[in-house]
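These notes concern the structure reproduced below.
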Amino acid sequence: MKTFLLCLMVCVSSGCSTLSKMKTDPTREQGLRLARTGDIGAEVNRLALPLILQKQTPGLVVGVLLPDGQTRVYSYGVTGEPDGGKVTGSTLFAVASVSKGFLAEITTLIVQKNVFQWNETLETLLPLNTPLSRDARKITLLQLVTHTSGLPRQMMTTEMLGGVVQYLFTGDNFYHALDRHSLVDYLADFSAPQDLSPRYSNIGYGLLDYILELRTGKKVETLLAENITGPLKLTHTGYQAPMLPGYAQRALGHAGDQPKFIRRGSQVPDWHFSSLMIGAAGLYTNADDLLTYANAHLYPTGDRALDNALRDSLRVRYARSSEAAANGWIVDEVGNQNITYQVGFIGGFSSYIGLDTRHKTAVVVLQNSFNWTNNIGHKVLQRMGEAIDSKNDYDKNSDDVTHKSLNHEALHFH
């Protein structure tokens with residue numbers, strides 16, 4: 001039963017980077033094509049239109065941050081079936097575990113204010129006399145942020161199993177069983193694995209939400225507004241979706257690869273979080289705001305403390321050849337490019353945000369269907385990087401036959 005429960009939970013849980021392993025271009029051919037044409041829109045169309053035509057998702061938005069700081073937004077499909085309005089860059093989507101990046105960066109800012117220390121452990125972070133196992137007492141704040149605490153994705157309980165089974169048939173949120181009381185009880189008997197390499201954990205980020213409130217005396221909604229959305233003027237980003245502009249015209253979630261027993265393309269319920277999972281998975285936002293957020297990681301905002309925290313959040317804390325861990329971000333080699341990214345899967349939504357810090361580009365992809373296949377962001381970033389590198393190669397090797405067909409001016413992407 002325990003093994004079955006674990007497999008079932010992993011198969012339907014949100015925000016798993018490993019399960020959503022994204023395909024990338026095996027050669028430089030597409031990047032060289034972009035170098036010749038400079039037509040970003042054509043590349044996005046090639047990747048996005050098939051998902052709409054094959055009814056993989058009712059709606060899809062792709063936002064692109066270009067090397068010069070300009071943005072492009074490409075929208076496809078509708079907010080809902082059968083009669084939704086057209087999606088745009090301002091359409092609200094649930095972004096699931098992309099929320100964790102915001103929570104990690106709130107934590108980073110607060111650490112820089114000396115409210116926390118990265119090496120503080122649960123023994124001092126949680127209330128005095130909280131019953132903690134020997135292994136739980138040793139978990140540090142930094143381990144929670146980087147998914148290296150050894151905590152599992154979620155607790156394997158019969159109550160959680162019941163929620164997961166119900167989700168498969170109804171699409172309802174199955175995280176209601178995860179609250180502070182049950183989590184503290186779980187920590188009393190927690191036994192860490194020997195290998196503390198990154199292991200995706202909703203429990204860890206639920207703890208982070210709880211710890212932030214304990215230490216600051218503020219709810220995560222307030223911390224988000226004070227530290228991220230306020231300074232960056234992200235007016236369409238927040239945990240309380242009904243309070244956001246455009247909520248009535250939001251994208252509605254639809255069944256895709258999950259839930260298994262609901263027909264693909266059918267509308268599924270919105271997920272509403274309380275307590276621990278708000279900061280971990282409860283964010284709503286849109287492509288326009290996420291492009292502003294991405295830009296703030298690559299260019300100065302004018303707020304030195306925020307700039308320092310956002311740059312620090314991208315720093316690899318646990319290096320490895322695949323899926324290195326930063327603060328809420330994953331860092332991977334994609335072809336010849338180094339990409340820093342996050343993914344989210346929840347209810348009827350899939351989300352992606354990726355940064356190429358070397359070329360100062362970014363891509364946001366939002367879908368209103370649960371699709372494990374989420375390749376667009378990686379491929380667009382890869383092709384832009386390859387195109388820019390090809391231009392640089394052209395400048396260095398203008399006699400090289402490989403580069404003679406490149407349009408030197410085309411790299412002013414359009």
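Chain identifiers are assigned as A, B, and so on, following the order in which chains appear in the structure tokens; residues are numbered from 1 within each chain, and ligands are numbered from 1 in order of appearance.
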Could you name the residues that touch Ile203 in chain A at 8 Å or less, counting only C-alpha atoms, but leaving out those on the same chain fewer than 2 positions away, as a list in words? Leu151, Pro152, Arg153, Gln154, Met155, Leu183, Ser201, Tyr205, Gly206 and Leu207 of chain A
Would you return as a PyMOL selection string the members of range 29-213 of chain A that DSSP assigns to helix (DSSP H, G or I) on this structure's backbone? chain A and resi 29-37+40-53+96-112+122-125+134-138+141-145+158-170+180-187+202-213
Residues of range 74-174 of chain A that have any atom at most 10 Å from an atom of range 299-311 of chain A: could you tabulate them with the shortest-distance atom pair and the distance in Å to one decimal, using only C-alpha atoms, ordered by chain and increasing number, as CSV?
residue,atom,partner,partner_atom,distance
A:Phe102,CA,A:Leu310,CA,9.8
A:Ala104,CA,A:Leu310,CA,9.7
A:Glu105,CA,A:Leu310,CA,6.5
A:Ile106,CA,A:Ala309,CA,8.4
A:Thr107,CA,A:Ala309,CA,9.0
A:Thr108,CA,A:Ala309,CA,5.7
A:Leu109,CA,A:Ala309,CA,5.4
A:Ile110,CA,A:Ala309,CA,9.0
A:Val111,CA,A:Ala309,CA,9.0
A:Gln112,CA,A:Ala309,CA,7.4
A:Lys113,CA,A:Ala305,CA,8.8
Export N, CA and C atoms of the chosen residues as a PDB file, in the first residue's frame?
ATOM      1  N   PHE A 102       9.020  32.628  -5.911  1.00  0.00           N
ATOM      2  CA  PHE A 102       8.708  33.872  -5.201  1.00  0.00           C
ATOM      3  C   PHE A 102       8.949  33.691  -3.702  1.00  0.00           C
ATOM      4  N   ALA A 104      10.939  31.561  -2.206  1.00  0.00           N
ATOM      5  CA  ALA A 104      12.375  31.451  -1.953  1.00  0.00           C
ATOM      6  C   ALA A 104      13.038  32.822  -1.961  1.00  0.00           C
ATOM      7  N   GLU A 105      12.585  33.695  -2.844  1.00  0.00           N
ATOM      8  CA  GLU A 105      13.218  35.011  -2.944  1.00  0.00           C
ATOM      9  C   GLU A 105      12.762  35.949  -1.833  1.00  0.00           C
ATOM     10  N   ILE A 106      11.540  35.770  -1.359  1.00  0.00           N
ATOM     11  CA  ILE A 106      11.132  36.480  -0.141  1.00  0.00           C
ATOM     12  C   ILE A 106      12.056  36.075   1.003  1.00  0.00           C
ATOM     13  N   THR A 107      12.307  34.774   1.113  1.00  0.00           N
ATOM     14  CA  THR A 107      13.192  34.279   2.173  1.00  0.00           C
ATOM     15  C   THR A 107      14.597  34.850   2.021  1.00  0.00           C
ATOM     16  N   THR A 108      15.100  34.896   0.795  1.00  0.00           N
ATOM     17  CA  THR A 108      16.436  35.432   0.546  1.00  0.00           C
ATOM     18  C   THR A 108      16.536  36.891   0.984  1.00  0.00           C
ATOM     19  N   LEU A 109      15.522  37.673   0.655  1.00  0.00           N
ATOM     20  CA  LEU A 109      15.509  39.072   1.080  1.00  0.00           C
ATOM     21  C   LEU A 109      15.522  39.194   2.608  1.00  0.00           C
ATOM     22  N   ILE A 110      14.737  38.360   3.259  1.00  0.00           N
ATOM     23  CA  ILE A 110      14.649  38.445   4.717  1.00  0.00           C
ATOM     24  C   ILE A 110      15.945  37.972   5.371  1.00  0.00           C
ATOM     25  N   VAL A 111      16.609  36.989   4.771  1.00  0.00           N
ATOM     26  CA  VAL A 111      17.927  36.577   5.263  1.00  0.00           C
ATOM     27  C   VAL A 111      18.912  37.735   5.146  1.00  0.00           C
ATOM     28  N   GLN A 112      18.862  38.462   4.045  1.00  0.00           N
ATOM     29  CA  GLN A 112      19.779  39.578   3.857  1.00  0.00           C
ATOM     30  C   GLN A 112      19.510  40.722   4.847  1.00  0.00           C
ATOM     31  N   LYS A 113      18.303  40.737   5.416  1.00  0.00           N
ATOM     32  CA  LYS A 113      17.985  41.724   6.448  1.00  0.00           C
ATOM     33  C   LYS A 113      18.357  41.213   7.846  1.00  0.00           C
TER      34      LYS A 113
END
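Remark: for Gln258 in chain A, the closest of the candidate residues A:Glu323, A:Ser197, A:Phe190, A:Gly348 is A:Gly348 (distances computed over only C-alpha atoms).
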DSSP strand (DSSP E or B) residues within range 350-381 of chain A, as a count of residues only: 14
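The space between CA of Leu355 in chain A and CA of His378 in chain A spans 9.3 Å.
The two atoms in question, CA of Gln267 in chain A and CA of Leu252 in chain A, are spaced 7.0 Å apart.
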Got a sec: who's within 7 Å of Thr121 in chain A, counting only C-alpha atoms, leaving out chain neighbours fewer than 5 positions off, as a ChimeraX atom specification? /A:137-141
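Using only C-alpha atoms, the smallest distance between any of A:Gly256, A:Pro269, A:Gly69, A:Pro193 and Lys360 in chain A comes from A:Gly69.
Using only C-alpha atoms, the shortest contact distance between Thr292 in chain A and any of A:Leu65, A:Ala255, A:Ala225, A:Leu187 is found at A:Leu65.
When only C-alpha atoms are used to measure the gap to Val115 in chain A, the shortest distance among A:Ile211, A:Leu53, A:Ala42, A:Leu47 belongs to A:Ile211.
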Could you name the residues that touch Ala48 in chain A at 8 Å or less, counting only C-alpha atoms, but leaving out those on the same chain fewer than 2 positions away, as a list in words? Val44, Asn45, Arg46, Pro50, Leu51, Ile52, Leu60, Tyr76 and Ile376 of chain A
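With distances restricted to only C-alpha atoms, A:Ile346 is the closest residue to Asp257 in chain A from A:Ala296, A:Ile228, A:Val62, A:Ile346.
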Can you pull out every residue within 7 Å of Thr237 in chain A, counting only C-alpha atoms, but drop anything in the same chain fewer than 4 positions away, and send it as a PyMOL selection string? chain A and resi 229+284-285+289
Please produce an output containing C-alpha atoms for each residue in the selection, written as a short mmCIF file (atom, residue, chain, number, x, y, z; two decimals), in the first residue's frame.
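Output below, filename part_11.cif:
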data_model
loop_
_atom_site.label_atom_id
_atom_site.label_comp_id
_atom_site.auth_asym_id
_atom_site.auth_seq_id
_atom_site.Cartn_x
_atom_site.Cartn_y
_atom_site.Cartn_z
CA THR A 229 5.06 42.49 -6.15
CA TYR A 284 -1.92 33.58 -9.81
CA THR A 285 -0.18 35.84 -12.32
CA ASP A 289 3.96 40.37 -14.92
#
